[in-house]
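Just below is one structure, and these are the notes that go with it.
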Amino acid sequence: MLLTYDSLPYIPFSVYRPISMFPMFLASILLLFTDFRFKKGDVFYLLFVMYSIGHSLIVALINRDIGSSASHIITLLFGLSMFRVSVYVTEQAKEDPEIIKRIAKSIAIAFIPPLFAGFVQLFDSFFVRSGFSGAFTGLFAEKVYLRRIQMLSGEPSWAAIHMMSGGLIMFYLYKQGFRKQLLLLFATMLLMVLSFSAYAYTVVLTALVIYVLVTNKNRGRMLVVLAVCALIVVVGVPFLIETFKISGYFTDRFQFNFNQLINNDNSFFVRLVFPAIGFLEFARHPIFGVGGGFYYTEFASLLQQYFSSGLKFSEVHDLVFINPYDATSRNMVSKVFAEEGLIGVILFGGFLVSIFRSCGANSYSKFAFALCISLVMNFDSYAFLDFWLLFGFIRGGGFETETIRTGMPVQVPVRVKGNILPVRPIYSEWRRKA
């Protein structure tokens with residue numbers, strides 16, 4: 001229910017670590033008192049966590065920097081806890097249909113307030129143009145972006161992440177008979193398109209490409225969807241920007257001029273160059289990497305050697321000369337290669353393969369997998385809530401339908417007026433016989 005909140009009023013916190021990570025961690029502690037067990041393929045991730053922690057501590061002793069190692073270890077443990085809780089909840093939902101209803105209600109509670117805030121920001125940006133929505137947004141975010149839709153998040157791209165991951169769950173729930181989710185889904189998708197987040201558009205297009213590559217089902221239809229989405233981004237979005245006279249630093253990204261972006265857009269430079277530096281670090285330390293949490297150790301020298309033009313950006317300059325410990329790869333794939341080396345890549349890659357195998361023939365799970373791989377293009381923290389939430393849904397069978405599990409048709413909920421006696425769902429008997 002706290003999915004979309006990066007902070008709460010008067011409780012400042014980092015935008016990249018949604019506040020829901022804390023109750024998820026506490027819930028994972030409660031799982032110690034249940035019979036929950038990891039799946040067979042999860043051994044790859046458990047080995048990765050153990051290797052990463054041990055390797056990071058060794059490098060910390062060498063570099064005399066325990067703080068960076070401790071921060072890295074905390075994100076690993078939080079990520080593991082989020083995954084555990086998501087798997088457990090979705091496993092329970094398969095056994096008890098009442099839990100699915102609770103998930104549907106929780107999604108509504110999670111998204112109605114931030115969507116309301118998003119449409120207020122939209123109205124302010126397109127029509128009023130006074131910035132009045134900033135006072136409300138400022139209660140939840142340290143930085144309010146002028147003429148941007150950021151909902152209750154610290155920045156627009158993070159808000160888009162919540163809308164993409166939540167939107168997929170809404171669509172699944174709608175197809176399972178929860179019709180009220182359709183209105184919520186429509187509002188979410190409309191707001192995401194009008195957020196003009198280049199990151200969100202790139203993630204969706206990349207996820208569709210990955211989905212087309214990994215599935216044989218409905219490939220022709222998905223290619224059409226991909227073409228339509230690409231057309232909307234390339235033609236429709238610039239048209240809307242021109243029609244509504246939208247201005248801001250982000251609108252230049254839709255001119256698709258690479259040289260202009262790399263030389264003038266700080267965010268574009270960081271998202272492109274920082275991951276590249278991570279792979280350069282991997283080339284220097286291919287077996288073990290530089291150690292978990294120690295991407296920064298060679299960041300400054302590599303940037304000055306190969307990408308010195310970026311020093312004109314204040315963020316890059318500060319990370320090189322003032323706050324070097326804060327430098328990160330901004331990309332989880334690059335992070336694994338740079339910090340964990342080939343050993344970590346094999347372990348984490350084995351985990352990803354096992355997750356993909358859990359998808360089976362389920363189209364929802366396969367798209368969720370593709371979306372997760374696309375989402376980490378711009379975020380590298382192992383405490384990435386949406387990433388682990390969707391992976392937990394896949395591993396726990398949260399996207400499965402009754403048809404997939406038993407071969408029998410799905411029983412759509414029917415609302416009957418008046419008092420009726422409680423009846424056990426008929427499909428539980430189908431599952432028992434199967």
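In the structure tokens, each chain is lettered A, B, ... as it comes, each chain's residues begin at 1, and ligands are numbered from 1 in order of appearance.
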Neighbouring residues of segment 22-30 of chain A were defined as those with any atom within 6 Å, considering only C-alpha atoms; residues of the same chain fewer than 3 positions away were excluded. Please report them as a PyMOL selection string. chain A and resi 33+81-82+85
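For Gly67 of chain A, the set of protein, DNA and RNA residues having any atom at most 12 Å away, when counting only C-alpha atoms and skipping those fewer than 4 positions along the same chain, is Ser56, Leu57, Val59, Ala60, Leu61, Asn63, Ser71, His72, Ile73, Ile74, Gly292, Gly293, Phe294, Tyr325 and Asp326 of chain A.
When only C-alpha atoms are used to measure the gap to Arg147 of chain A, the shortest distance among A:Val224, A:Ile246, A:Leu185, A:Ile169 belongs to A:Ile246.
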Got a sec to tell me which of segment 13-107 of chain A DSSP assigns to alpha helix (DSSP H), as number ranges by chain? A: 21-30, 43-63, 66-95, 97-107
If we count only C-alpha atoms, what is near Arg284 of chain A at a cut-off of 12 Å, once residues fewer than 3 positions away on the same chain are taken out, given as a list in words?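 So the residues in contact are Ile277, Gly278, Phe279, Leu280, Glu281, Ile287, Phe288, Gly289, Val290, Glu298, Leu302, Phe337, Ala338, Glu339, Gly341 and Leu342 of chain A.
Residues within 9 Å of Ile100 of chain A, counting only C-alpha atoms and excluding same-chain residues fewer than 6 positions away, are Thr90, Ala93, Lys94 and Leu173 of chain A.
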Write to file, as an mmCIF file, in the first residue's frame, the residues of the selection just made, with N, CA and C atoms.
data_model
loop_
_atom_site.group_PDB
_atom_site.id
_atom_site.type_symbol
_atom_site.label_atom_id
_atom_site.label_comp_id
_atom_site.auth_asym_id
_atom_site.auth_seq_id
_atom_site.Cartn_x
_atom_site.Cartn_y
_atom_site.Cartn_z
ATOM 1 N N THR A 90 2.376 -13.801 -2.780
ATOM 2 C CA THR A 90 1.765 -14.327 -4.010
ATOM 3 C C THR A 90 1.500 -15.824 -3.902
ATOM 4 N N ALA A 93 -1.676 -16.056 -2.006
ATOM 5 C CA ALA A 93 -2.816 -15.611 -2.811
ATOM 6 C C ALA A 93 -3.316 -16.719 -3.722
ATOM 7 N N LYS A 94 -2.435 -17.611 -4.147
ATOM 8 C CA LYS A 94 -2.867 -18.730 -4.989
ATOM 9 C C LYS A 94 -3.759 -19.692 -4.213
ATOM 10 N N LEU A 173 -5.090 -7.820 -12.730
ATOM 11 C CA LEU A 173 -6.265 -7.910 -11.859
ATOM 12 C C LEU A 173 -7.552 -7.673 -12.645
#
What's the 7 Å shell around segment 345-352 of chain A, counting only C-alpha atoms, without same-chain residues fewer than 4 positions away, as a PDB file with all heavy atoms, in the first residue's frame?
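What ended up in selection-v9.pdb:
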ATOM      1  N   GLY A  41      15.740 -22.323  -7.684  1.00  0.00           N
ATOM      2  CA  GLY A  41      16.580 -21.408  -8.449  1.00  0.00           C
ATOM      3  C   GLY A  41      17.110 -20.241  -7.648  1.00  0.00           C
ATOM      4  O   GLY A  41      18.053 -19.568  -8.082  1.00  0.00           O
ATOM      5  N   ASP A  42      16.529 -19.995  -6.456  1.00  0.00           N
ATOM      6  CA  ASP A  42      16.960 -18.856  -5.647  1.00  0.00           C
ATOM      7  C   ASP A  42      18.340 -19.061  -5.025  1.00  0.00           C
ATOM      8  O   ASP A  42      18.915 -18.121  -4.476  1.00  0.00           O
ATOM      9  CB  ASP A  42      15.940 -18.577  -4.535  1.00  0.00           C
ATOM     10  CG  ASP A  42      14.593 -18.137  -5.095  1.00  0.00           C
ATOM     11  OD1 ASP A  42      14.574 -17.606  -6.222  1.00  0.00           O
ATOM     12  OD2 ASP A  42      13.579 -18.338  -4.414  1.00  0.00           O
ATOM     13  N   PHE A  44      20.997 -19.359  -6.534  1.00  0.00           N
ATOM     14  CA  PHE A  44      21.944 -18.499  -7.256  1.00  0.00           C
ATOM     15  C   PHE A  44      22.013 -17.123  -6.614  1.00  0.00           C
ATOM     16  O   PHE A  44      23.111 -16.563  -6.439  1.00  0.00           O
ATOM     17  CB  PHE A  44      21.534 -18.362  -8.730  1.00  0.00           C
ATOM     18  CG  PHE A  44      21.799 -19.584  -9.558  1.00  0.00           C
ATOM     19  CD1 PHE A  44      20.772 -20.441  -9.906  1.00  0.00           C
ATOM     20  CD2 PHE A  44      23.089 -19.881  -9.990  1.00  0.00           C
ATOM     21  CE1 PHE A  44      21.010 -21.570 -10.668  1.00  0.00           C
ATOM     22  CE2 PHE A  44      23.341 -21.002 -10.753  1.00  0.00           C
ATOM     23  CZ  PHE A  44      22.297 -21.853 -11.100  1.00  0.00           C
ATOM     24  N   TYR A  45      20.847 -16.581  -6.255  1.00  0.00           N
ATOM     25  CA  TYR A  45      20.862 -15.244  -5.659  1.00  0.00           C
ATOM     26  C   TYR A  45      21.419 -15.279  -4.245  1.00  0.00           C
ATOM     27  O   TYR A  45      22.130 -14.363  -3.829  1.00  0.00           O
ATOM     28  CB  TYR A  45      19.463 -14.638  -5.659  1.00  0.00           C
ATOM     29  CG  TYR A  45      19.462 -13.197  -5.202  1.00  0.00           C
ATOM     30  CD1 TYR A  45      20.180 -12.230  -5.896  1.00  0.00           C
ATOM     31  CD2 TYR A  45      18.782 -12.805  -4.053  1.00  0.00           C
ATOM     32  CE1 TYR A  45      20.218 -10.907  -5.476  1.00  0.00           C
ATOM     33  CE2 TYR A  45      18.807 -11.488  -3.620  1.00  0.00           C
ATOM     34  CZ  TYR A  45      19.532 -10.544  -4.341  1.00  0.00           C
ATOM     35  OH  TYR A  45      19.572  -9.248  -3.901  1.00  0.00           O
ATOM     36  N   LEU A  47      23.698 -17.326  -3.127  1.00  0.00           N
ATOM     37  CA  LEU A  47      25.152 -17.410  -3.286  1.00  0.00           C
ATOM     38  C   LEU A  47      25.738 -16.066  -3.716  1.00  0.00           C
ATOM     39  O   LEU A  47      26.825 -15.677  -3.270  1.00  0.00           O
ATOM     40  CB  LEU A  47      25.500 -18.495  -4.313  1.00  0.00           C
ATOM     41  CG  LEU A  47      25.260 -19.938  -3.875  1.00  0.00           C
ATOM     42  CD1 LEU A  47      25.498 -20.892  -5.038  1.00  0.00           C
ATOM     43  CD2 LEU A  47      26.154 -20.306  -2.698  1.00  0.00           C
ATOM     44  N   PHE A  48      24.999 -15.360  -4.582  1.00  0.00           N
ATOM     45  CA  PHE A  48      25.455 -14.038  -5.012  1.00  0.00           C
ATOM     46  C   PHE A  48      25.545 -13.084  -3.827  1.00  0.00           C
ATOM     47  O   PHE A  48      26.526 -12.339  -3.684  1.00  0.00           O
ATOM     48  CB  PHE A  48      24.499 -13.477  -6.070  1.00  0.00           C
ATOM     49  CG  PHE A  48      24.776 -12.049  -6.453  1.00  0.00           C
ATOM     50  CD1 PHE A  48      25.772 -11.739  -7.361  1.00  0.00           C
ATOM     51  CD2 PHE A  48      24.048 -11.005  -5.892  1.00  0.00           C
ATOM     52  CE1 PHE A  48      26.047 -10.428  -7.713  1.00  0.00           C
ATOM     53  CE2 PHE A  48      24.306  -9.689  -6.231  1.00  0.00           C
ATOM     54  CZ  PHE A  48      25.310  -9.402  -7.150  1.00  0.00           C
ATOM     55  N   VAL A 336      26.789  -4.808 -11.492  1.00  0.00           N
ATOM     56  CA  VAL A 336      27.178  -6.197 -11.234  1.00  0.00           C
ATOM     57  C   VAL A 336      28.505  -6.509 -11.923  1.00  0.00           C
ATOM     58  O   VAL A 336      29.406  -7.114 -11.333  1.00  0.00           O
ATOM     59  CB  VAL A 336      26.079  -7.172 -11.694  1.00  0.00           C
ATOM     60  CG1 VAL A 336      26.553  -8.614 -11.575  1.00  0.00           C
ATOM     61  CG2 VAL A 336      24.812  -6.973 -10.867  1.00  0.00           C
ATOM     62  N   PHE A 337      28.640  -6.089 -13.177  1.00  0.00           N
ATOM     63  CA  PHE A 337      29.883  -6.337 -13.902  1.00  0.00           C
ATOM     64  C   PHE A 337      31.061  -5.635 -13.221  1.00  0.00           C
ATOM     65  O   PHE A 337      32.126  -6.229 -13.026  1.00  0.00           O
ATOM     66  CB  PHE A 337      29.761  -5.858 -15.350  1.00  0.00           C
ATOM     67  CG  PHE A 337      29.219  -6.893 -16.286  1.00  0.00           C
ATOM     68  CD1 PHE A 337      27.847  -7.002 -16.502  1.00  0.00           C
ATOM     69  CD2 PHE A 337      30.063  -7.752 -16.965  1.00  0.00           C
ATOM     70  CE1 PHE A 337      27.333  -7.952 -17.363  1.00  0.00           C
ATOM     71  CE2 PHE A 337      29.566  -8.709 -17.834  1.00  0.00           C
ATOM     72  CZ  PHE A 337      28.192  -8.814 -18.033  1.00  0.00           C
ATOM     73  N   GLU A 340      31.230  -6.865  -9.040  1.00  0.00           N
ATOM     74  CA  GLU A 340      31.269  -8.287  -8.686  1.00  0.00           C
ATOM     75  C   GLU A 340      32.094  -9.128  -9.644  1.00  0.00           C
ATOM     76  O   GLU A 340      32.380 -10.290  -9.343  1.00  0.00           O
ATOM     77  CB  GLU A 340      29.836  -8.849  -8.595  1.00  0.00           C
ATOM     78  CG  GLU A 340      28.872  -7.996  -7.802  1.00  0.00           C
ATOM     79  CD  GLU A 340      29.280  -7.804  -6.348  1.00  0.00           C
ATOM     80  OE1 GLU A 340      30.158  -8.550  -5.875  1.00  0.00           O
ATOM     81  OE2 GLU A 340      28.728  -6.902  -5.685  1.00  0.00           O
ATOM     82  N   GLY A 341      32.442  -8.583 -10.807  1.00  0.00           N
ATOM     83  CA  GLY A 341      33.256  -9.323 -11.755  1.00  0.00           C
ATOM     84  C   GLY A 341      32.525 -10.505 -12.366  1.00  0.00           C
ATOM     85  O   GLY A 341      31.312 -10.662 -12.228  1.00  0.00           O
ATOM     86  N   PHE A 356      13.326 -16.416 -15.242  1.00  0.00           N
ATOM     87  CA  PHE A 356      12.704 -16.512 -16.561  1.00  0.00           C
ATOM     88  C   PHE A 356      12.043 -17.876 -16.754  1.00  0.00           C
ATOM     89  O   PHE A 356      10.954 -17.966 -17.327  1.00  0.00           O
ATOM     90  CB  PHE A 356      13.742 -16.264 -17.657  1.00  0.00           C
ATOM     91  CG  PHE A 356      13.176 -16.377 -19.050  1.00  0.00           C
ATOM     92  CD1 PHE A 356      12.329 -15.405 -19.545  1.00  0.00           C
ATOM     93  CD2 PHE A 356      13.481 -17.473 -19.848  1.00  0.00           C
ATOM     94  CE1 PHE A 356      11.786 -15.516 -20.823  1.00  0.00           C
ATOM     95  CE2 PHE A 356      12.951 -17.587 -21.116  1.00  0.00           C
ATOM     96  CZ  PHE A 356      12.106 -16.602 -21.602  1.00  0.00           C
TER      97      PHE A 356
END
With only C-alpha atoms as the basis for distance, which of A:Ile262, A:Tyr201, A:Gly344, A:Asn323 is at the shortest distance from Phe307 of chain A?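 Looking only at the distances to Phe307 of chain A, the closest residue turns out to be A:Ile262.
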Write out as an NGL selection string the residues lying within 10 Å of Met192 of chain A, counting only C-alpha atoms and excluding same-chain residues fewer than 4 positions away. :A and (115 or 118 or 149-150 or 156-157 or 159-164 or 167 or 186-188 or 196-197 or 200-201)
Asn378 of chain A: which residues within 12 Å, counting only C-alpha atoms, same-chain residues fewer than 3 positions away excluded, as a ChimeraX atom specification? /A:16,157-158,161,198-200,202-203,267-275,328-335,372-375,381,384
In Å, with one decimal, what is the gap from atom CA of Asn266 of chain A to atom CA of Glu242 of chain A?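 Interatomic distance here is 23.1 Å.
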Residue with the minimum atom-to-atom distance to Ser195 of chain A, picked from A:Ala368, A:Met21, A:Val233, A:Ile343 with only C-alpha atoms counted, is A:Val233
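The smallest atom-to-atom distance between Leu2 of chain A and any of A:Pro238, A:Gly248, A:Gly220, A:Pro114, using only C-alpha atoms, is found for A:Pro114.
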Nearest to Phe36 of chain A, chosen from A:Phe123, A:Ile241, A:Leu208, A:Gly396, with only C-alpha atoms counted in the distances: A:Gly396
Best match for closeness to Leu389 of chain A among A:Leu371, A:Ala104, A:Ala70, A:Ile99, counting only C-alpha atoms: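 Ranked by minimum distance to Leu389 of chain A, first place goes to A:Leu371.
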Quick one, how far is atom CA of Cys359 of chain A from atom CA of Tyr51 of chain A?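 So the two atoms, atom CA of Cys359 of chain A and atom CA of Tyr51 of chain A, lie 26.6 Å apart.
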